[in-house]
>>> print(open('structure23.pdb').read())   # PDB, C-alpha atoms, pLDDT in the B column
ATOM      1  CA  GLY A   1      16.750  46.581 -33.587  1.00 62.00           C
ATOM      2  CA  GLN A   2      13.165  45.590 -34.076  1.00 73.00           C
ATOM      3  CA  ASN A   3      11.464  42.300 -34.829  1.00 88.00           C
ATOM      4  CA  ILE A   4       7.808  41.853 -35.673  1.00 94.00           C
ATOM      5  CA  ASP A   5       6.138  38.449 -35.960  1.00 95.00           C
ATOM      6  CA  GLN A   6       2.786  37.562 -37.477  1.00 96.00           C
ATOM      7  CA  PRO A   7       1.376  34.249 -38.691  1.00 97.00           C
ATOM      8  CA  THR A   8       1.960  33.815 -42.412  1.00 96.00           C
ATOM      9  CA  GLU A   9      -1.481  32.534 -43.361  1.00 97.00           C
ATOM     10  CA  MET A  10      -4.900  32.051 -41.804  1.00 98.00           C
ATOM     11  CA  THR A  11      -8.201  30.761 -43.081  1.00 97.00           C
ATOM     12  CA  ALA A  12     -11.680  31.446 -41.761  1.00 97.00           C
ATOM     13  CA  THR A  13     -15.325  31.018 -42.695  1.00 97.00           C
ATOM     14  CA  GLU A  14     -17.670  33.750 -43.817  1.00 97.00           C
ATOM     15  CA  GLY A  15     -19.600  35.131 -40.848  1.00 97.00           C
ATOM     16  CA  ALA A  16     -17.056  33.933 -38.305  1.00 98.00           C
ATOM     17  CA  ILE A  17     -14.588  35.843 -36.104  1.00 98.00           C
ATOM     18  CA  VAL A  18     -10.829  35.738 -36.636  1.00 98.00           C
ATOM     19  CA  GLN A  19      -7.970  37.069 -34.506  1.00 98.00           C
ATOM     20  CA  ILE A  20      -4.634  37.938 -36.096  1.00 98.00           C
ATOM     21  CA  ASN A  21      -1.775  38.209 -33.624  1.00 98.00           C
ATOM     22  CA  CYS A  22       1.325  40.356 -33.800  1.00 98.00           C
ATOM     23  CA  THR A  23       4.266  40.264 -31.418  1.00 97.00           C
ATOM     24  CA  TYR A  24       7.117  42.728 -31.476  1.00 95.00           C
ATOM     25  CA  GLN A  25      10.456  43.385 -29.856  1.00 91.00           C
ATOM     26  CA  THR A  26      11.746  46.912 -30.043  1.00 81.00           C
ATOM     27  CA  SER A  27      14.153  49.169 -28.221  1.00 76.00           C
ATOM     28  CA  GLY A  28      11.595  51.958 -28.408  1.00 79.00           C
ATOM     29  CA  PHE A  29       7.866  51.999 -29.099  1.00 84.00           C
ATOM     30  CA  ASN A  30       5.618  54.809 -30.205  1.00 85.00           C
ATOM     31  CA  GLY A  31       2.501  53.176 -31.541  1.00 90.00           C
ATOM     32  CA  LEU A  32       1.293  50.225 -33.567  1.00 94.00           C
ATOM     33  CA  PHE A  33      -0.687  50.328 -36.798  1.00 95.00           C
ATOM     34  CA  TRP A  34      -2.701  47.729 -38.652  1.00 97.00           C
ATOM     35  CA  TYR A  35      -3.110  47.943 -42.409  1.00 97.00           C
ATOM     36  CA  GLN A  36      -5.118  45.864 -44.880  1.00 97.00           C
ATOM     37  CA  GLN A  37      -3.727  45.127 -48.320  1.00 96.00           C
ATOM     38  CA  HIS A  38      -5.666  43.423 -51.084  1.00 95.00           C
ATOM     39  CA  ALA A  39      -3.599  41.738 -53.779  1.00 92.00           C
ATOM     40  CA  GLY A  40      -2.271  44.284 -56.242  1.00 87.00           C
ATOM     41  CA  GLU A  41      -3.535  47.236 -54.230  1.00 90.00           C
ATOM     42  CA  ALA A  42      -2.146  49.790 -51.779  1.00 92.00           C
ATOM     43  CA  PRO A  43      -2.218  49.148 -48.028  1.00 95.00           C
ATOM     44  CA  THR A  44      -5.138  50.901 -46.335  1.00 95.00           C
ATOM     45  CA  PHE A  45      -5.150  52.062 -42.728  1.00 94.00           C
ATOM     46  CA  LEU A  46      -7.299  50.077 -40.296  1.00 96.00           C
ATOM     47  CA  SER A  47      -6.342  51.032 -36.752  1.00 95.00           C
ATOM     48  CA  TYR A  48      -3.816  52.633 -34.439  1.00 93.00           C
ATOM     49  CA  ASN A  49      -2.948  51.782 -30.825  1.00 94.00           C
ATOM     50  CA  VAL A  50      -0.454  53.554 -28.602  1.00 90.00           C
ATOM     51  CA  LEU A  51      -1.980  52.878 -25.172  1.00 93.00           C
ATOM     52  CA  ASP A  52      -2.873  49.491 -23.738  1.00 96.00           C
ATOM     53  CA  GLY A  53      -6.370  48.312 -24.417  1.00 96.00           C
ATOM     54  CA  LEU A  54      -8.915  47.744 -27.109  1.00 96.00           C
ATOM     55  CA  GLU A  55      -9.824  50.102 -29.941  1.00 94.00           C
ATOM     56  CA  GLU A  56     -13.066  49.249 -31.721  1.00 94.00           C
ATOM     57  CA  LYS A  57     -14.044  50.445 -35.154  1.00 90.00           C
ATOM     58  CA  GLY A  58     -17.071  48.739 -36.637  1.00 94.00           C
ATOM     59  CA  ARG A  59     -16.332  45.090 -37.435  1.00 96.00           C
ATOM     60  CA  PHE A  60     -12.639  45.600 -36.699  1.00 96.00           C
ATOM     61  CA  SER A  61     -11.010  45.903 -33.273  1.00 97.00           C
ATOM     62  CA  SER A  62      -7.366  46.116 -32.286  1.00 97.00           C
ATOM     63  CA  PHE A  63      -5.792  45.373 -28.935  1.00 98.00           C
ATOM     64  CA  LEU A  64      -2.408  46.345 -27.537  1.00 97.00           C
ATOM     65  CA  SER A  65      -0.364  45.213 -24.535  1.00 97.00           C
ATOM     66  CA  ARG A  66       2.857  47.183 -24.402  1.00 94.00           C
ATOM     67  CA  SER A  67       4.277  45.194 -21.483  1.00 93.00           C
ATOM     68  CA  LYS A  68       3.909  41.986 -23.477  1.00 95.00           C
ATOM     69  CA  GLY A  69       4.879  43.441 -26.851  1.00 95.00           C
ATOM     70  CA  TYR A  70       1.652  42.040 -28.229  1.00 96.00           C
ATOM     71  CA  SER A  71      -1.216  43.200 -30.382  1.00 98.00           C
ATOM     72  CA  TYR A  72      -4.083  41.542 -32.175  1.00 98.00           C
ATOM     73  CA  LEU A  73      -6.559  42.521 -34.841  1.00 98.00           C
ATOM     74  CA  LEU A  74     -10.043  41.083 -34.427  1.00 98.00           C
ATOM     75  CA  LEU A  75     -12.310  40.830 -37.430  1.00 97.00           C
ATOM     76  CA  LYS A  76     -15.982  40.024 -36.770  1.00 97.00           C
ATOM     77  CA  GLU A  77     -18.760  38.919 -39.112  1.00 97.00           C
ATOM     78  CA  LEU A  78     -16.237  38.016 -41.767  1.00 98.00           C
ATOM     79  CA  GLN A  79     -17.068  38.776 -45.364  1.00 97.00           C
ATOM     80  CA  MET A  80     -15.502  37.444 -48.530  1.00 97.00           C
ATOM     81  CA  LYS A  81     -14.055  40.879 -49.216  1.00 97.00           C
ATOM     82  CA  ASP A  82     -12.003  40.593 -46.015  1.00 98.00           C
ATOM     83  CA  SER A  83      -9.708  38.149 -47.845  1.00 98.00           C
ATOM     84  CA  ALA A  84      -6.478  40.161 -47.885  1.00 98.00           C
ATOM     85  CA  SER A  85      -3.107  40.538 -46.216  1.00 97.00           C
ATOM     86  CA  TYR A  86      -3.062  42.220 -42.812  1.00 98.00           C
ATOM     87  CA  LEU A  87       0.074  44.116 -41.903  1.00 97.00           C
ATOM     88  CA  CYS A  88       1.199  44.980 -38.405  1.00 97.00           C
ATOM     89  CA  ALA A  89       3.577  47.958 -38.206  1.00 95.00           C
ATOM     90  CA  VAL A  90       5.422  49.524 -35.290  1.00 93.00           C
ATOM     91  CA  ARG A  91       6.510  53.127 -35.050  1.00 88.00           C
ATOM     92  CA  HIS A  92       9.789  53.539 -33.241  1.00 77.00           C
ATOM     93  CA  THR A  93      10.307  56.212 -30.602  1.00 73.00           C
ATOM     94  CA  GLY A  94      11.550  59.341 -32.288  1.00 67.00           C
ATOM     95  CA  GLY A  95      10.979  57.697 -35.637  1.00 61.00           C
ATOM     96  CA  TYR A  96       8.395  60.179 -36.843  1.00 73.00           C
ATOM     97  CA  ASN A  97       6.769  58.320 -39.723  1.00 76.00           C
ATOM     98  CA  LYS A  98       9.245  55.458 -39.972  1.00 84.00           C
ATOM     99  CA  LEU A  99       7.190  52.290 -39.705  1.00 89.00           C
ATOM    100  CA  ILE A 100       8.651  48.826 -39.321  1.00 90.00           C
ATOM    101  CA  PHE A 101       6.299  46.297 -40.885  1.00 94.00           C
ATOM    102  CA  GLY A 102       5.748  42.654 -40.152  1.00 94.00           C
ATOM    103  CA  ALA A 103       5.692  40.265 -43.092  1.00 94.00           C
ATOM    104  CA  GLY A 104       1.898  40.290 -43.071  1.00 96.00           C
ATOM    105  CA  THR A 105      -0.788  37.668 -42.517  1.00 97.00           C
ATOM    106  CA  ARG A 106      -2.631  36.427 -45.568  1.00 97.00           C
ATOM    107  CA  LEU A 107      -6.255  35.773 -44.621  1.00 98.00           C
ATOM    108  CA  ALA A 108      -8.500  33.634 -46.813  1.00 98.00           C
ATOM    109  CA  VAL A 109     -12.230  33.773 -46.093  1.00 98.00           C
ATOM    110  CA  HIS A 110     -14.241  30.813 -47.399  1.00 96.00           C
ATOM    111  CA  PRO A 111     -18.006  30.535 -47.886  1.00 95.00           C
TER     112      PRO A 111
ATOM    113  CA  LYS B   1     -10.049  64.738 -51.808  1.00 63.00           C
ATOM    114  CA  ALA B   2      -7.608  63.025 -54.152  1.00 75.00           C
ATOM    115  CA  GLY B   3      -5.449  60.290 -52.685  1.00 92.00           C
ATOM    116  CA  VAL B   4      -1.716  59.735 -52.972  1.00 96.00           C
ATOM    117  CA  THR B   5      -0.718  59.612 -56.627  1.00 96.00           C
ATOM    118  CA  GLN B   6       2.322  57.747 -57.855  1.00 97.00           C
ATOM    119  CA  THR B   7       3.713  57.775 -61.371  1.00 97.00           C
ATOM    120  CA  PRO B   8       4.437  55.806 -63.359  1.00 97.00           C
ATOM    121  CA  ARG B   9       2.452  52.718 -62.329  1.00 96.00           C
ATOM    122  CA  TYR B  10       4.738  50.319 -64.164  1.00 96.00           C
ATOM    123  CA  LEU B  11       8.325  50.603 -65.286  1.00 96.00           C
ATOM    124  CA  ILE B  12      10.760  48.256 -66.968  1.00 97.00           C
ATOM    125  CA  LYS B  13      14.484  48.989 -66.855  1.00 97.00           C
ATOM    126  CA  THR B  14      17.716  47.115 -67.414  1.00 97.00           C
ATOM    127  CA  ARG B  15      20.626  46.618 -65.074  1.00 97.00           C
ATOM    128  CA  GLY B  16      22.871  49.641 -64.695  1.00 97.00           C
ATOM    129  CA  GLN B  17      20.217  52.181 -65.627  1.00 97.00           C
ATOM    130  CA  GLN B  18      18.734  54.684 -63.249  1.00 97.00           C
ATOM    131  CA  VAL B  19      15.114  55.500 -62.517  1.00 98.00           C
ATOM    132  CA  THR B  20      13.096  58.306 -60.961  1.00 98.00           C
ATOM    133  CA  LEU B  21       9.715  57.704 -59.354  1.00 98.00           C
ATOM    134  CA  SER B  22       7.248  60.419 -58.441  1.00 98.00           C
ATOM    135  CA  CYS B  23       4.768  60.823 -55.618  1.00 98.00           C
ATOM    136  CA  SER B  24       2.130  63.503 -55.083  1.00 98.00           C
ATOM    137  CA  PRO B  25       0.790  63.421 -51.511  1.00 97.00           C
ATOM    138  CA  ILE B  26      -2.732  64.119 -50.372  1.00 95.00           C
ATOM    139  CA  SER B  27      -3.363  67.842 -50.407  1.00 94.00           C
ATOM    140  CA  GLY B  28      -2.189  69.385 -47.132  1.00 92.00           C
ATOM    141  CA  HIS B  29       0.033  66.464 -46.194  1.00 93.00           C
ATOM    142  CA  ARG B  30       3.617  67.499 -45.542  1.00 92.00           C
ATOM    143  CA  SER B  31       5.241  64.171 -44.738  1.00 92.00           C
ATOM    144  CA  VAL B  32       6.103  61.708 -47.497  1.00 95.00           C
ATOM    145  CA  SER B  33       7.616  58.288 -46.845  1.00 95.00           C
ATOM    146  CA  TRP B  34       8.871  55.711 -49.313  1.00 97.00           C
ATOM    147  CA  TYR B  35       8.776  51.925 -48.903  1.00 97.00           C
ATOM    148  CA  GLN B  36       9.963  48.989 -50.950  1.00 97.00           C
ATOM    149  CA  GLN B  37       7.749  45.896 -51.039  1.00 96.00           C
ATOM    150  CA  THR B  38       8.995  42.510 -52.227  1.00 93.00           C
ATOM    151  CA  PRO B  39       7.578  39.006 -51.675  1.00 88.00           C
ATOM    152  CA  GLY B  40      10.635  37.952 -49.701  1.00 83.00           C
ATOM    153  CA  GLN B  41      11.244  41.017 -47.517  1.00 86.00           C
ATOM    154  CA  GLY B  42       7.793  42.535 -47.202  1.00 89.00           C
ATOM    155  CA  LEU B  43       7.444  46.281 -46.735  1.00 93.00           C
ATOM    156  CA  GLN B  44      10.725  47.995 -45.918  1.00 94.00           C
ATOM    157  CA  PHE B  45      11.182  51.656 -45.057  1.00 93.00           C
ATOM    158  CA  LEU B  46      13.396  53.635 -47.406  1.00 96.00           C
ATOM    159  CA  PHE B  47      13.198  57.247 -46.190  1.00 93.00           C
ATOM    160  CA  GLU B  48      10.887  60.017 -45.055  1.00 93.00           C
ATOM    161  CA  TYR B  49      10.755  63.655 -46.078  1.00 94.00           C
ATOM    162  CA  PHE B  50       9.129  66.503 -44.234  1.00 92.00           C
ATOM    163  CA  SER B  51       9.302  70.146 -45.283  1.00 90.00           C
ATOM    164  CA  GLU B  52      11.862  69.304 -47.967  1.00 94.00           C
ATOM    165  CA  THR B  53      14.203  67.646 -45.428  1.00 93.00           C
ATOM    166  CA  GLN B  54      15.011  63.985 -45.065  1.00 92.00           C
ATOM    167  CA  ARG B  55      14.440  63.175 -41.402  1.00 88.00           C
ATOM    168  CA  ASN B  56      14.551  59.385 -41.475  1.00 86.00           C
ATOM    169  CA  LYS B  57      16.427  56.837 -43.494  1.00 90.00           C
ATOM    170  CA  GLY B  58      16.200  53.064 -43.711  1.00 91.00           C
ATOM    171  CA  ASN B  59      18.967  50.554 -44.327  1.00 91.00           C
ATOM    172  CA  PHE B  60      19.334  50.860 -48.068  1.00 96.00           C
ATOM    173  CA  PRO B  61      22.496  51.606 -50.049  1.00 96.00           C
ATOM    174  CA  GLY B  62      23.319  55.082 -51.239  1.00 96.00           C
ATOM    175  CA  ARG B  63      22.040  54.197 -54.709  1.00 97.00           C
ATOM    176  CA  PHE B  64      18.606  54.979 -53.293  1.00 98.00           C
ATOM    177  CA  SER B  65      17.973  58.665 -52.827  1.00 97.00           C
ATOM    178  CA  GLY B  66      15.080  61.058 -52.719  1.00 97.00           C
ATOM    179  CA  ARG B  67      13.989  64.613 -52.410  1.00 97.00           C
ATOM    180  CA  GLN B  68      10.934  66.663 -51.625  1.00 97.00           C
ATOM    181  CA  PHE B  69       9.802  69.864 -53.248  1.00 97.00           C
ATOM    182  CA  SER B  70       8.196  72.929 -51.703  1.00 96.00           C
ATOM    183  CA  ASN B  71       4.735  71.688 -52.725  1.00 95.00           C
ATOM    184  CA  SER B  72       5.419  68.435 -50.777  1.00 95.00           C
ATOM    185  CA  ARG B  73       5.668  66.343 -53.939  1.00 97.00           C
ATOM    186  CA  SER B  74       8.486  63.850 -53.680  1.00 98.00           C
ATOM    187  CA  GLU B  75      10.720  61.882 -55.986  1.00 98.00           C
ATOM    188  CA  MET B  76      12.935  58.920 -55.348  1.00 98.00           C
ATOM    189  CA  ASN B  77      15.834  57.915 -57.527  1.00 98.00           C
ATOM    190  CA  VAL B  78      17.612  54.608 -57.841  1.00 98.00           C
ATOM    191  CA  SER B  79      20.912  54.579 -59.705  1.00 96.00           C
ATOM    192  CA  THR B  80      22.893  51.678 -61.147  1.00 97.00           C
ATOM    193  CA  LEU B  81      19.889  49.387 -61.022  1.00 97.00           C
ATOM    194  CA  GLU B  82      20.332  45.780 -59.947  1.00 97.00           C
ATOM    195  CA  LEU B  83      18.081  42.791 -60.502  1.00 96.00           C
ATOM    196  CA  GLY B  84      17.251  42.793 -56.789  1.00 95.00           C
ATOM    197  CA  ASP B  85      15.717  46.247 -57.083  1.00 97.00           C
ATOM    198  CA  SER B  86      12.700  44.733 -58.796  1.00 97.00           C
ATOM    199  CA  ALA B  87       9.871  45.550 -56.403  1.00 97.00           C
ATOM    200  CA  LEU B  88       6.764  47.547 -55.740  1.00 97.00           C
ATOM    201  CA  TYR B  89       7.730  51.008 -54.520  1.00 98.00           C
ATOM    202  CA  LEU B  90       5.095  52.588 -52.323  1.00 97.00           C
ATOM    203  CA  CYS B  91       4.784  56.175 -51.271  1.00 97.00           C
ATOM    204  CA  ALA B  92       2.787  57.195 -48.203  1.00 95.00           C
ATOM    205  CA  SER B  93       1.784  60.619 -46.985  1.00 95.00           C
ATOM    206  CA  SER B  94       0.569  61.976 -43.667  1.00 92.00           C
ATOM    207  CA  LEU B  95      -0.242  65.370 -42.247  1.00 88.00           C
ATOM    208  CA  ASP B  96       2.892  65.789 -40.179  1.00 78.00           C
ATOM    209  CA  GLY B  97       4.938  63.972 -37.575  1.00 64.00           C
ATOM    210  CA  ASP B  98       2.239  63.467 -34.973  1.00 62.00           C
ATOM    211  CA  SER B  99       2.179  59.910 -33.747  1.00 59.00           C
ATOM    212  CA  ASN B 100      -1.528  59.291 -34.233  1.00 72.00           C
ATOM    213  CA  GLN B 101      -1.627  60.409 -37.828  1.00 80.00           C
ATOM    214  CA  PRO B 102      -1.831  57.384 -40.134  1.00 88.00           C
ATOM    215  CA  GLN B 103       0.076  57.188 -43.364  1.00 91.00           C
ATOM    216  CA  HIS B 104      -1.976  56.879 -46.530  1.00 93.00           C
ATOM    217  CA  PHE B 105      -0.444  54.848 -49.312  1.00 95.00           C
ATOM    218  CA  GLY B 106      -0.479  55.310 -53.050  1.00 96.00           C
ATOM    219  CA  ASP B 107      -0.985  52.419 -55.469  1.00 94.00           C
ATOM    220  CA  GLY B 108       2.746  52.148 -56.012  1.00 96.00           C
ATOM    221  CA  THR B 109       5.145  51.892 -58.919  1.00 97.00           C
ATOM    222  CA  ARG B 110       5.996  48.376 -59.974  1.00 96.00           C
ATOM    223  CA  LEU B 111       9.602  48.355 -61.145  1.00 97.00           C
ATOM    224  CA  SER B 112      10.964  45.417 -63.089  1.00 97.00           C
ATOM    225  CA  ILE B 113      14.669  45.085 -63.836  1.00 97.00           C
ATOM    226  CA  LEU B 114      15.697  42.917 -66.782  1.00 93.00           C
TER     227      LEU B 114
END
>>> encode(input="structure23.pdb", output="structure tokens")
Amino acid sequence: GQNIDQPTEMTATEGAIVQINCTYQTSGFNGLFWYQQHAGEAPTFLSYNVLDGLEEKGRFSSFLSRSKGYSYLLLKELQMKDSASYLCAVRHTGGYNKLIFGAGTRLAVHP
Amino acid sequence: KAGVTQTPRYLIKTRGQQVTLSCSPISGHRSVSWYQQTPGQGLQFLFEYFSETQRNKGNFPGRFSGRQFSNSRSEMNVSTLELGDSALYLCASSLDGDSNQPQHFGDGTRLSIL
């Protein structure tokens, strides 16, 4: 089976940097996705990692360590609009588009 | 390019009824996946269709079923509705089965069971 853990809630200040961690246990791994979901809206794709290392995309970066079953999403220069839930999802080997999602981390950005 | 379109946006049903939800993927996308989202369980995978074939299934009872048409549009059906089926049902599409292709989600259908 698979298990994905993320902190339930985090708070941060506008302009700051925040790191959202995700740990997973899986019998097979074929990539990890991060999605952002604002309340009442659809999840939107942020990043994808399948190899170890850091992927940077503007203010957002995502890191993966397959040996440790660990990923993080780094958000820089936080803005109020970054207040949302951040979902970590693992694709299982041979699972095509079957994603197993963590419960999500609700981030509140304060002025 | 239009995004993933789900209809209806909201639906109210009573226990024992059945419901059909519709999803139109992004043009050119051949893979459609369905997820159930609830406050307690988060996002859970229901099934995935590709070229009109179900190639993945989550751990949901047989009351949950789906299909995909030749134009890649997909429907999911839930029969004998239960109170616990109240949830946001999300559809996601992607180009194909390549690992690095992200899934793009629709706004969902919010189903309420009375």
>>> residues_around(input="structure23.pdb", residues="Gln79 of chain A", least_positions_apart="4", cutoff="9 Å", atoms="all atoms listed in the file", output="PDB file with C-alpha atoms, keeping the file's coordinate frame")
ATOM      1  CA  THR A  13     -15.325  31.018 -42.695  1.00 97.00           C
ATOM      2  CA  GLU A  14     -17.670  33.750 -43.817  1.00 97.00           C
ATOM      3  CA  GLY A  15     -19.600  35.131 -40.848  1.00 97.00           C
ATOM      4  CA  ALA A  16     -17.056  33.933 -38.305  1.00 98.00           C
ATOM      5  CA  SER A  83      -9.708  38.149 -47.845  1.00 98.00           C
ATOM      6  CA  VAL A 109     -12.230  33.773 -46.093  1.00 98.00           C
ATOM      7  CA  HIS A 110     -14.241  30.813 -47.399  1.00 96.00           C
ATOM      8  CA  PRO A 111     -18.006  30.535 -47.886  1.00 95.00           C
TER       9      PRO A 111
END
>>> resolve_selection(input="structure23.pdb", expression="the PyMOL selection byres ((chain B and resi 78) around 10)", output="PyMOL selection string")
chain B and resi 16-21+61-66+76-77+79-82+85
>>> closest_atom_pairs(input="structure23.pdb", of="chain B", to="chain A", cutoff="9 Å", atoms="only C-alpha atoms", output="CSV")
residue,atom,partner,partner_atom,distance
B:Ser31,CA,A:Asn97,CA,7.9
B:Val32,CA,A:Asn97,CA,8.5
B:Ser33,CA,A:Asn97,CA,7.2
B:Pro39,CA,A:Ala103,CA,8.9
B:Gly40,CA,A:Ala103,CA,8.6
B:Gln41,CA,A:Ala103,CA,7.1
B:Gly42,CA,A:Ala103,CA,5.1
B:Leu43,CA,A:Phe101,CA,6.0
B:Gln44,CA,A:Phe101,CA,6.9
B:Phe45,CA,A:Lys98,CA,6.6
B:Leu46,CA,A:Lys98,CA,8.7
B:Phe47,CA,A:Lys98,CA,7.6
B:Glu48,CA,A:Asn97,CA,6.9
B:Arg55,CA,A:Tyr96,CA,8.1
B:Asn56,CA,A:Lys98,CA,6.8
B:Lys57,CA,A:Lys98,CA,8.1
B:Gly58,CA,A:Lys98,CA,8.3
B:Leu90,CA,A:Ala42,CA,7.8
B:Ser94,CA,A:Asn97,CA,8.2
B:Asp96,CA,A:Asn97,CA,8.4
B:Gly97,CA,A:Tyr96,CA,5.2
B:Asp98,CA,A:Tyr96,CA,7.2
B:Ser99,CA,A:Tyr96,CA,6.9
B:Asn100,CA,A:Tyr48,CA,7.0
B:Gln101,CA,A:Tyr48,CA,8.8
B:Pro102,CA,A:Phe45,CA,6.8
B:Gln103,CA,A:Phe45,CA,7.3
B:His104,CA,A:Thr44,CA,6.8
B:Phe105,CA,A:Ala42,CA,5.9
B:Gly106,CA,A:Ala42,CA,5.9
B:Asp107,CA,A:Ala42,CA,4.7
B:Gly108,CA,A:Ala42,CA,6.9
>>> residues_around(input="structure23.pdb", residues="Leu83 of chain B", least_positions_apart="2", cutoff="10 Å", atoms="all atoms listed in the file", output="number ranges by chain")
B: 13-16, 81, 85-87, 112-114
>>> residues_near_point(input="structure23.pdb", point="(4.7, 57.4, -59.7)", cutoff="6 Å", atoms="only C-alpha atoms", output="list in words")
Gln6, Thr7, Pro8, Arg9, Leu21, Ser22, Cys23 and Thr109 of chain B
>>> residues_around(input="structure23.pdb", residues="segment 4-7 of chain A", least_positions_apart="4", cutoff="10 Å", atoms="all atoms listed in the file", output="ChimeraX atom specification")
/A:20-26,69-72,86-90,100-107
>>> atom_distance(input="structure23.pdb", atom1="atom CA of Ser61 of chain A", atom2="atom CA of Gln19 of chain A")
9.4 Å
>>> decode(input="structure23.pdb", residues="segment 28-84 of chain B", atoms="C-alpha atoms", output="tab-separated table (two decimals), in the first residue's frame")
chain	number	residue	atom	x	y	z
B	28	GLY	CA	-6.55	16.27	-27.47
B	29	HIS	CA	-6.37	14.66	-24.04
B	30	ARG	CA	-7.13	10.95	-24.13
B	31	SER	CA	-6.84	10.03	-20.46
B	32	VAL	CA	-9.62	10.88	-18.02
B	33	SER	CA	-9.44	10.13	-14.30
B	34	TRP	CA	-12.08	10.55	-11.64
B	35	TYR	CA	-11.52	11.43	-7.97
B	36	GLN	CA	-13.73	11.84	-4.95
B	37	GLN	CA	-12.88	14.63	-2.51
B	38	THR	CA	-14.30	14.78	1.01
B	39	PRO	CA	-13.13	16.72	4.08
B	40	GLY	CA	-12.37	13.52	5.96
B	41	GLN	CA	-10.69	11.41	3.27
B	42	GLY	CA	-9.19	14.02	0.97
B	43	LEU	CA	-8.78	13.23	-2.72
B	44	GLN	CA	-9.30	9.56	-3.53
B	45	PHE	CA	-8.82	7.93	-6.91
B	46	LEU	CA	-11.89	6.31	-8.41
B	47	PHE	CA	-10.84	5.14	-11.89
B	48	GLU	CA	-9.04	6.11	-15.07
B	49	TYR	CA	-10.09	5.70	-18.68
B	50	PHE	CA	-7.90	5.78	-21.74
B	51	SER	CA	-9.08	5.10	-25.28
B	52	GLU	CA	-12.48	4.00	-23.98
B	53	THR	CA	-10.92	1.38	-21.66
B	54	GLN	CA	-10.73	1.43	-17.90
B	55	ARG	CA	-7.08	0.81	-17.06
B	56	ASN	CA	-7.04	1.68	-13.37
B	57	LYS	CA	-9.50	1.36	-10.55
B	58	GLY	CA	-9.47	2.58	-6.97
B	59	ASN	CA	-10.95	0.95	-3.89
B	60	PHE	CA	-14.58	1.91	-4.30
B	61	PRO	CA	-17.61	-0.38	-4.36
B	62	GLY	CA	-19.16	-1.55	-7.58
B	63	ARG	CA	-21.88	1.09	-7.23
B	64	PHE	CA	-19.33	3.46	-8.75
B	65	SER	CA	-18.82	2.94	-12.45
B	66	GLY	CA	-17.75	4.90	-15.47
B	67	ARG	CA	-17.20	4.88	-19.16
B	68	GLN	CA	-15.44	6.82	-21.85
B	69	PHE	CA	-16.66	7.64	-25.32
B	70	SER	CA	-14.76	7.75	-28.60
B	71	ASN	CA	-14.38	11.54	-28.30
B	72	SER	CA	-12.69	11.02	-24.88
B	73	ARG	CA	-15.64	12.47	-22.97
B	74	SER	CA	-16.33	10.47	-19.85
B	75	GLU	CA	-19.21	9.80	-17.52
B	76	MET	CA	-19.32	8.31	-14.07
B	77	ASN	CA	-22.37	6.76	-12.51
B	78	VAL	CA	-23.18	6.10	-8.89
B	79	SER	CA	-26.12	3.83	-8.15
B	80	THR	CA	-28.07	3.30	-4.94
B	81	LEU	CA	-26.76	6.52	-3.45
B	82	GLU	CA	-25.77	6.63	0.21
B	83	LEU	CA	-25.34	9.59	2.52
B	84	GLY	CA	-21.59	8.98	2.51
